[in-house]
There are 2 protein chains.
Amino acid sequence: MAKKGLLIVISGPSGAGKGTICKQLLAEESQLRYSISATTRPPRKGETNGKDYIFLDEEQFMKMRDRGEFLEWAEVYGNFYGTPKKNVEEQLNQGYDVILEIDIQGALQIKRKFPEGVFIFIVPPSLEELESRITKRGTDSQEVIARRLNSAAKELEYVCEYDYVVVNDEVDKAVQRVKAIITAEKCRPHRREINIQ
Amino acid sequence: MAKKGLLIVISGPSGAGKGTICKQLLAEESQLRYSISATTRPPRKGETNGKDYIFLDEEQFMKMRDRGEFLEWAEVYGNFYGTPKKNVEEQLNQGYDVILEIDIQGALQIKRKFPEGVFIFIVPPSLEELESRITKRGTDSQEVIARRLNSAAKELEYVCEYDYVVVNDEVDKAVQRVKAIITAEKCRPHRREINIQ
């Protein structure tokens, strides 16, 4: 049987660049799989069930939640989102590393259920840089930007709950750091059965 | 002032390839410095004081030991060997990472005095491979080889005292793993002051 893979949880404040880092990691690392979330929100144009999201109605979602089938779940603006445990565990058991991009509250939920995961906190090089990134995206009003910056500053206090903190000064460098973390974690004594008797 | 460097302790059974790995690391990584040991054994032909070893007489060595100036020390066949603390700390304070290649007992001594070090255990891919390496060296009798293998098997039990275990199946791969460990350890939250207020 294949050696069990690593669960890699990528988290951090909005605008830190989690999504870009995950995309590049998935493109570069063939042993890496992305965990697909379940949601009760309706599919947007172009989204495929089982690829972008697992689309569920609220009854299905609640049944799964009540059976403890989510590693974490949350309600956001009246829609439910969750990470199905089964899918993640199947991939890990097949020897794939599974990457999960998730907000801080979700990451803390997973840590309680899955402490053997590798928890990585992505941070922008500075709050000024974060402001400039969110502004450039052009999707948020000044008020929303101010709120995002305020909550980012608060969220940075959670850094000590994580195993690693990766500064996203340049995407390539940040991706290399995450890759080094994956390599290093595979050298942890408790993750290995030493092949020598 | 420069950010403090990492103390990297490379240890493991004799014949695992610690020396080769350290040499290649030092050649590839300019921020890395090698810690020079002190010894009471006489210099061999070609050895330079302050480069290969710090050569001391027994009185000098004992004075340093009694003043607690060694990170670790040991007596081997009537000669004393030690790692001077001052030199290591100076380099770390200048921001260099310091690499120390040392036997298991020495590594455990250092861990007690310097728990923030990164302790890496190098292992051969198998005991058969270790036997073949020691035999190929051609410096040991059959009896000595048997003794070395026996003690290597015992020493492998110490693996759980270390932060990482690196299998030296190929030197290049092992060196890449150690480099990844150094990169990852620099992303540990307790080693960083987050630059964001």
# chains A, B, ... in the order shown; residues from 1 in each chain; ligands from 1
$ select_by_dssp --residues "range 2-197 of chain A" --states "strand (DSSP E)" --output "JSON, numbers by chain"
{"A": [7, 8, 9, 10, 11, 32, 33, 34, 38, 39, 54, 55, 70, 71, 72, 73, 74, 75, 76, 79, 80, 81, 82, 83, 84, 97, 98, 99, 100, 101, 118, 119, 120, 121, 122, 123, 164, 165, 166, 167]}
$ write_last_selection --atoms "C-alpha atoms" --output "mmCIF file, in the first residue's frame"
data_model
loop_
_atom_site.group_PDB
_atom_site.id
_atom_site.type_symbol
_atom_site.label_atom_id
_atom_site.label_comp_id
_atom_site.auth_asym_id
_atom_site.auth_seq_id
_atom_site.Cartn_x
_atom_site.Cartn_y
_atom_site.Cartn_z
ATOM 1 C CA LEU A 7 -2.788 17.101 4.387
ATOM 2 C CA ILE A 8 -1.519 20.622 3.694
ATOM 3 C CA VAL A 9 -3.765 23.416 4.925
ATOM 4 C CA ILE A 10 -3.089 26.792 3.322
ATOM 5 C CA SER A 11 -4.672 29.664 5.189
ATOM 6 C CA LEU A 32 -0.582 16.992 -5.012
ATOM 7 C CA ARG A 33 -4.383 16.924 -5.118
ATOM 8 C CA TYR A 34 -6.843 19.721 -4.433
ATOM 9 C CA ALA A 38 -19.211 21.072 -0.949
ATOM 10 C CA THR A 39 -21.622 24.013 -1.055
ATOM 11 C CA ILE A 54 -19.850 19.438 -4.950
ATOM 12 C CA PHE A 55 -23.246 21.143 -5.214
ATOM 13 C CA PHE A 70 -17.130 17.398 7.108
ATOM 14 C CA LEU A 71 -13.610 18.216 8.250
ATOM 15 C CA GLU A 72 -14.930 21.749 8.659
ATOM 16 C CA TRP A 73 -17.993 23.688 7.586
ATOM 17 C CA ALA A 74 -19.225 27.259 7.715
ATOM 18 C CA GLU A 75 -22.182 29.421 6.773
ATOM 19 C CA VAL A 76 -21.330 32.452 4.665
ATOM 20 C CA ASN A 79 -24.897 29.530 2.003
ATOM 21 C CA PHE A 80 -23.148 26.554 3.530
ATOM 22 C CA TYR A 81 -19.644 25.436 2.633
ATOM 23 C CA GLY A 82 -17.841 22.325 3.856
ATOM 24 C CA THR A 83 -14.827 20.087 3.281
ATOM 25 C CA PRO A 84 -15.916 16.444 2.856
ATOM 26 C CA ASP A 97 -0.734 14.958 -0.679
ATOM 27 C CA VAL A 98 -3.942 16.962 -0.393
ATOM 28 C CA ILE A 99 -3.939 20.748 -0.378
ATOM 29 C CA LEU A 100 -6.745 22.726 1.173
ATOM 30 C CA GLU A 101 -7.143 26.477 0.792
ATOM 31 C CA VAL A 118 0.590 20.699 8.055
ATOM 32 C CA PHE A 119 -0.797 24.164 8.753
ATOM 33 C CA ILE A 120 0.703 26.972 6.699
ATOM 34 C CA PHE A 121 -0.168 30.629 7.170
ATOM 35 C CA ILE A 122 0.389 32.844 4.132
ATOM 36 C CA VAL A 123 1.025 36.502 4.913
ATOM 37 C CA TYR A 164 4.670 27.581 9.384
ATOM 38 C CA VAL A 165 4.326 31.147 8.178
ATOM 39 C CA VAL A 166 5.211 31.914 4.579
ATOM 40 C CA VAL A 167 5.674 35.517 3.514
#
$ interface_residues --of "chain A" --to "chain B" --cutoff "12 Å" --atoms "only C-alpha atoms" --output "ChimeraX atom specification"
/A:118-130,149-150,152-169,173-197
$ closest_residue --among "A:Gly5, A:Gly138, A:Pro13, A:Gly78" --to "Asn93 in chain A" --atoms "only C-alpha atoms"
A:Gly5
$ select_by_dssp --residues "range 4-180 of chain A" --states "helix (DSSP H, G or I)" --output "number ranges by chain"
A: 18-28, 58-66, 85-93, 104-113, 127-137, 142-161, 171-180
$ write_last_selection --atoms "C-alpha atoms" --output "PDB file, in the first residue's frame"
ATOM      1  CA  LYS A  18      -3.364  31.853  -1.069  1.00  0.00           C
ATOM      2  CA  GLY A  19      -5.201  31.059  -4.299  1.00  0.00           C
ATOM      3  CA  THR A  20      -2.330  31.968  -6.611  1.00  0.00           C
ATOM      4  CA  ILE A  21       0.121  29.939  -4.525  1.00  0.00           C
ATOM      5  CA  CYS A  22      -2.156  26.877  -4.508  1.00  0.00           C
ATOM      6  CA  LYS A  23      -2.688  27.042  -8.264  1.00  0.00           C
ATOM      7  CA  GLN A  24       1.040  27.165  -8.949  1.00  0.00           C
ATOM      8  CA  LEU A  25       1.744  24.352  -6.478  1.00  0.00           C
ATOM      9  CA  LEU A  26      -0.840  22.130  -8.167  1.00  0.00           C
ATOM     10  CA  ALA A  27       0.670  22.873 -11.565  1.00  0.00           C
ATOM     11  CA  GLU A  28       4.192  22.028 -10.391  1.00  0.00           C
ATOM     12  CA  GLU A  58     -29.462  22.233   2.183  1.00  0.00           C
ATOM     13  CA  GLU A  59     -31.013  18.954   3.310  1.00  0.00           C
ATOM     14  CA  GLN A  60     -28.140  16.914   1.874  1.00  0.00           C
ATOM     15  CA  PHE A  61     -25.601  19.283   3.402  1.00  0.00           C
ATOM     16  CA  MET A  62     -27.183  19.118   6.867  1.00  0.00           C
ATOM     17  CA  LYS A  63     -27.326  15.317   6.770  1.00  0.00           C
ATOM     18  CA  MET A  64     -23.616  15.163   5.972  1.00  0.00           C
ATOM     19  CA  ARG A  65     -22.848  17.714   8.653  1.00  0.00           C
ATOM     20  CA  ASP A  66     -24.877  15.828  11.266  1.00  0.00           C
ATOM     21  CA  LYS A  85     -13.734  14.205   4.992  1.00  0.00           C
ATOM     22  CA  LYS A  86     -14.140  11.061   2.852  1.00  0.00           C
ATOM     23  CA  ASN A  87     -12.660  12.534  -0.299  1.00  0.00           C
ATOM     24  CA  VAL A  88      -9.626  13.939   1.551  1.00  0.00           C
ATOM     25  CA  GLU A  89      -8.968  10.667   3.364  1.00  0.00           C
ATOM     26  CA  GLU A  90      -9.249   8.577   0.213  1.00  0.00           C
ATOM     27  CA  GLN A  91      -6.639  10.664  -1.550  1.00  0.00           C
ATOM     28  CA  LEU A  92      -4.318  10.631   1.479  1.00  0.00           C
ATOM     29  CA  ASN A  93      -4.642   6.835   1.721  1.00  0.00           C
ATOM     30  CA  ILE A 104      -8.617  30.871   9.367  1.00  0.00           C
ATOM     31  CA  GLN A 105     -11.712  29.688  11.247  1.00  0.00           C
ATOM     32  CA  GLY A 106     -11.941  26.643   8.949  1.00  0.00           C
ATOM     33  CA  ALA A 107      -8.257  25.877   9.409  1.00  0.00           C
ATOM     34  CA  LEU A 108      -8.631  25.935  13.194  1.00  0.00           C
ATOM     35  CA  GLN A 109     -11.601  23.525  12.955  1.00  0.00           C
ATOM     36  CA  ILE A 110      -9.505  21.135  10.857  1.00  0.00           C
ATOM     37  CA  LYS A 111      -6.583  21.346  13.258  1.00  0.00           C
ATOM     38  CA  ARG A 112      -8.762  19.994  16.048  1.00  0.00           C
ATOM     39  CA  LYS A 113      -9.911  17.019  13.938  1.00  0.00           C
ATOM     40  CA  LEU A 127      -0.294  45.669   5.372  1.00  0.00           C
ATOM     41  CA  GLU A 128       0.554  48.427   2.866  1.00  0.00           C
ATOM     42  CA  GLU A 129       1.209  45.771   0.232  1.00  0.00           C
ATOM     43  CA  LEU A 130      -2.034  43.997   1.152  1.00  0.00           C
ATOM     44  CA  GLU A 131      -3.969  47.250   0.730  1.00  0.00           C
ATOM     45  CA  SER A 132      -2.399  47.843  -2.658  1.00  0.00           C
ATOM     46  CA  ARG A 133      -3.256  44.283  -3.784  1.00  0.00           C
ATOM     47  CA  ILE A 134      -6.877  44.485  -2.689  1.00  0.00           C
ATOM     48  CA  THR A 135      -7.242  47.917  -4.297  1.00  0.00           C
ATOM     49  CA  LYS A 136      -5.733  46.685  -7.592  1.00  0.00           C
ATOM     50  CA  ARG A 137      -8.225  43.808  -7.725  1.00  0.00           C
ATOM     51  CA  GLN A 142     -13.188  51.748  -0.074  1.00  0.00           C
ATOM     52  CA  GLU A 143     -15.319  50.721   2.866  1.00  0.00           C
ATOM     53  CA  VAL A 144     -14.914  47.002   2.155  1.00  0.00           C
ATOM     54  CA  ILE A 145     -11.161  47.474   1.690  1.00  0.00           C
ATOM     55  CA  ALA A 146     -10.907  49.188   5.078  1.00  0.00           C
ATOM     56  CA  ARG A 147     -12.882  46.336   6.662  1.00  0.00           C
ATOM     57  CA  ARG A 148     -10.678  43.702   4.990  1.00  0.00           C
ATOM     58  CA  LEU A 149      -7.493  45.409   6.193  1.00  0.00           C
ATOM     59  CA  ASN A 150      -8.841  45.678   9.691  1.00  0.00           C
ATOM     60  CA  SER A 151      -9.750  41.995   9.814  1.00  0.00           C
ATOM     61  CA  ALA A 152      -6.398  41.027   8.196  1.00  0.00           C
ATOM     62  CA  ALA A 153      -4.557  42.810  10.994  1.00  0.00           C
ATOM     63  CA  LYS A 154      -6.615  40.846  13.533  1.00  0.00           C
ATOM     64  CA  GLU A 155      -6.177  37.568  11.680  1.00  0.00           C
ATOM     65  CA  LEU A 156      -2.395  37.899  11.776  1.00  0.00           C
ATOM     66  CA  GLU A 157      -2.614  37.221  15.488  1.00  0.00           C
ATOM     67  CA  TYR A 158      -3.472  33.608  14.667  1.00  0.00           C
ATOM     68  CA  VAL A 159      -0.055  32.973  13.185  1.00  0.00           C
ATOM     69  CA  CYS A 160       1.137  31.100  16.283  1.00  0.00           C
ATOM     70  CA  GLU A 161      -1.573  28.461  15.800  1.00  0.00           C
ATOM     71  CA  VAL A 171       4.779  34.120  -5.658  1.00  0.00           C
ATOM     72  CA  ASP A 172       7.661  31.969  -6.981  1.00  0.00           C
ATOM     73  CA  LYS A 173       9.589  32.291  -3.742  1.00  0.00           C
ATOM     74  CA  ALA A 174       6.508  31.590  -1.638  1.00  0.00           C
ATOM     75  CA  VAL A 175       5.762  28.463  -3.706  1.00  0.00           C
ATOM     76  CA  GLN A 176       9.363  27.263  -3.257  1.00  0.00           C
ATOM     77  CA  ARG A 177       9.010  27.740   0.502  1.00  0.00           C
ATOM     78  CA  VAL A 178       5.797  25.713   0.632  1.00  0.00           C
ATOM     79  CA  LYS A 179       7.471  22.958  -1.411  1.00  0.00           C
ATOM     80  CA  ALA A 180      10.430  22.945   1.002  1.00  0.00           C
TER      81      ALA A 180
END
$ atom_distance --atom1 "CA of Asn49 in chain A" --atom2 "CA of Ser37 in chain A"
10.4 Å
$ atom_distance --atom1 "CA of Glu116 in chain A" --atom2 "CA of Ile36 in chain A"
19.9 Å
$ atom_distance --atom1 "CA of Thr40 in chain A" --atom2 "CA of Gln94 in chain A"
28.3 Å
$ decode --residues "range 67-103 of chain A" --atoms "N, CA and C atoms" --output "JSON list (two decimals), in the first residue's frame"
[["chain", "number", "residue", "atom", "x", "y", "z"],
["A", 67, "ARG", "N", -23.84, 13.85, 10.31],
["A", 67, "ARG", "CA", -23.12, 12.56, 10.39],
["A", 67, "ARG", "C", -21.62, 12.78, 10.60],
["A", 68, "GLY", "N", -21.20, 14.05, 10.76],
["A", 68, "GLY", "CA", -19.78, 14.35, 10.99],
["A", 68, "GLY", "C", -18.92, 14.10, 9.77],
["A", 69, "GLU", "N", -19.51, 14.30, 8.59],
["A", 69, "GLU", "CA", -18.78, 13.98, 7.37],
["A", 69, "GLU", "C", -17.97, 15.15, 6.81],
["A", 70, "PHE", "N", -17.96, 16.27, 7.54],
["A", 70, "PHE", "CA", -17.13, 17.40, 7.11],
["A", 70, "PHE", "C", -15.93, 17.58, 8.04],
["A", 71, "LEU", "N", -14.78, 17.85, 7.45],
["A", 71, "LEU", "CA", -13.61, 18.22, 8.25],
["A", 71, "LEU", "C", -13.84, 19.59, 8.87],
["A", 72, "GLU", "N", -14.52, 20.43, 8.15],
["A", 72, "GLU", "CA", -14.93, 21.75, 8.66],
["A", 72, "GLU", "C", -16.11, 22.20, 7.82],
["A", 73, "TRP", "N", -16.91, 23.09, 8.38],
["A", 73, "TRP", "CA", -17.99, 23.69, 7.59],
["A", 73, "TRP", "C", -18.26, 25.08, 8.12],
["A", 74, "ALA", "N", -18.91, 25.89, 7.30],
["A", 74, "ALA", "CA", -19.23, 27.26, 7.72],
["A", 74, "ALA", "C", -20.42, 27.77, 6.91],
["A", 75, "GLU", "N", -21.11, 28.75, 7.50],
["A", 75, "GLU", "CA", -22.18, 29.42, 6.77],
["A", 75, "GLU", "C", -21.68, 30.80, 6.39],
["A", 76, "VAL", "N", -21.77, 31.14, 5.13],
["A", 76, "VAL", "CA", -21.33, 32.45, 4.67],
["A", 76, "VAL", "C", -22.46, 33.08, 3.86],
["A", 77, "TYR", "N", -22.99, 34.19, 4.35],
["A", 77, "TYR", "CA", -24.12, 34.89, 3.68],
["A", 77, "TYR", "C", -25.24, 33.92, 3.31],
["A", 78, "GLY", "N", -25.63, 33.06, 4.23],
["A", 78, "GLY", "CA", -26.78, 32.18, 4.00],
["A", 78, "GLY", "C", -26.48, 30.92, 3.20],
["A", 79, "ASN", "N", -25.26, 30.78, 2.67],
["A", 79, "ASN", "CA", -24.90, 29.53, 2.00],
["A", 79, "ASN", "C", -23.95, 28.73, 2.89],
["A", 80, "PHE", "N", -24.03, 27.41, 2.74],
["A", 80, "PHE", "CA", -23.15, 26.55, 3.53],
["A", 80, "PHE", "C", -21.99, 26.04, 2.67],
["A", 81, "TYR", "N", -20.83, 25.96, 3.29],
["A", 81, "TYR", "CA", -19.64, 25.44, 2.63],
["A", 81, "TYR", "C", -19.02, 24.40, 3.56],
["A", 82, "GLY", "N", -18.49, 23.32, 3.01],
["A", 82, "GLY", "CA", -17.84, 22.33, 3.86],
["A", 82, "GLY", "C", -16.78, 21.54, 3.10],
["A", 83, "THR", "N", -15.87, 20.92, 3.86],
["A", 83, "THR", "CA", -14.83, 20.09, 3.28],
["A", 83, "THR", "C", -15.14, 18.63, 3.59],
["A", 84, "PRO", "N", -15.56, 17.84, 2.59],
["A", 84, "PRO", "CA", -15.92, 16.44, 2.86],
["A", 84, "PRO", "C", -14.69, 15.63, 3.27],
["A", 85, "LYS", "N", -14.82, 14.97, 4.41],
["A", 85, "LYS", "CA", -13.73, 14.21, 4.99],
["A", 85, "LYS", "C", -13.33, 13.02, 4.10],
["A", 86, "LYS", "N", -14.36, 12.32, 3.57],
["A", 86, "LYS", "CA", -14.14, 11.06, 2.85],
["A", 86, "LYS", "C", -13.17, 11.24, 1.68],
["A", 87, "ASN", "N", -13.47, 12.25, 0.88],
["A", 87, "ASN", "CA", -12.66, 12.53, -0.30],
["A", 87, "ASN", "C", -11.19, 12.78, 0.07],
["A", 88, "VAL", "N", -10.99, 13.62, 1.10],
["A", 88, "VAL", "CA", -9.63, 13.94, 1.55],
["A", 88, "VAL", "C", -8.92, 12.66, 2.01],
["A", 89, "GLU", "N", -9.61, 11.87, 2.81],
["A", 89, "GLU", "CA", -8.97, 10.67, 3.36],
["A", 89, "GLU", "C", -8.64, 9.63, 2.29],
["A", 90, "GLU", "N", -9.53, 9.51, 1.31],
["A", 90, "GLU", "CA", -9.25, 8.58, 0.21],
["A", 90, "GLU", "C", -7.96, 8.94, -0.53],
["A", 91, "GLN", "N", -7.83, 10.23, -0.81],
["A", 91, "GLN", "CA", -6.64, 10.66, -1.55],
["A", 91, "GLN", "C", -5.38, 10.48, -0.70],
["A", 92, "LEU", "N", -5.48, 10.81, 0.59],
["A", 92, "LEU", "CA", -4.32, 10.63, 1.48],
["A", 92, "LEU", "C", -3.92, 9.16, 1.53],
["A", 93, "ASN", "N", -4.93, 8.27, 1.63],
["A", 93, "ASN", "CA", -4.64, 6.84, 1.72],
["A", 93, "ASN", "C", -4.03, 6.29, 0.44],
["A", 94, "GLN", "N", -4.34, 6.95, -0.69],
["A", 94, "GLN", "CA", -3.72, 6.55, -1.95],
["A", 94, "GLN", "C", -2.30, 7.10, -2.08],
["A", 95, "GLY", "N", -1.86, 7.87, -1.10],
["A", 95, "GLY", "CA", -0.48, 8.37, -1.11],
["A", 95, "GLY", "C", -0.34, 9.78, -1.69],
["A", 96, "TYR", "N", -1.46, 10.40, -2.08],
["A", 96, "TYR", "CA", -1.38, 11.77, -2.58],
["A", 96, "TYR", "C", -1.32, 12.75, -1.41],
["A", 97, "ASP", "N", -0.64, 13.86, -1.63],
["A", 97, "ASP", "CA", -0.73, 14.96, -0.68],
["A", 97, "ASP", "C", -1.95, 15.78, -1.08],
["A", 98, "VAL", "N", -2.73, 16.20, -0.10],
["A", 98, "VAL", "CA", -3.94, 16.96, -0.39],
["A", 98, "VAL", "C", -3.77, 18.39, 0.12],
["A", 99, "ILE", "N", -4.07, 19.35, -0.76],
["A", 99, "ILE", "CA", -3.94, 20.75, -0.38],
["A", 99, "ILE", "C", -5.33, 21.35, -0.21],
["A", 100, "LEU", "N", -5.47, 22.12, 0.83],
["A", 100, "LEU", "CA", -6.75, 22.73, 1.17],
["A", 100, "LEU", "C", -6.52, 24.21, 1.36],
["A", 101, "GLU", "N", -7.27, 25.02, 0.62],
["A", 101, "GLU", "CA", -7.14, 26.48, 0.79],
["A", 101, "GLU", "C", -8.38, 26.94, 1.55],
["A", 102, "ILE", "N", -8.16, 27.54, 2.69],
["A", 102, "ILE", "CA", -9.30, 27.75, 3.57],
["A", 102, "ILE", "C", -9.09, 28.94, 4.49],
["A", 103, "ASP", "N", -10.21, 29.52, 4.98],
["A", 103, "ASP", "CA", -10.05, 30.67, 5.87],
["A", 103, "ASP", "C", -9.58, 30.22, 7.26]]
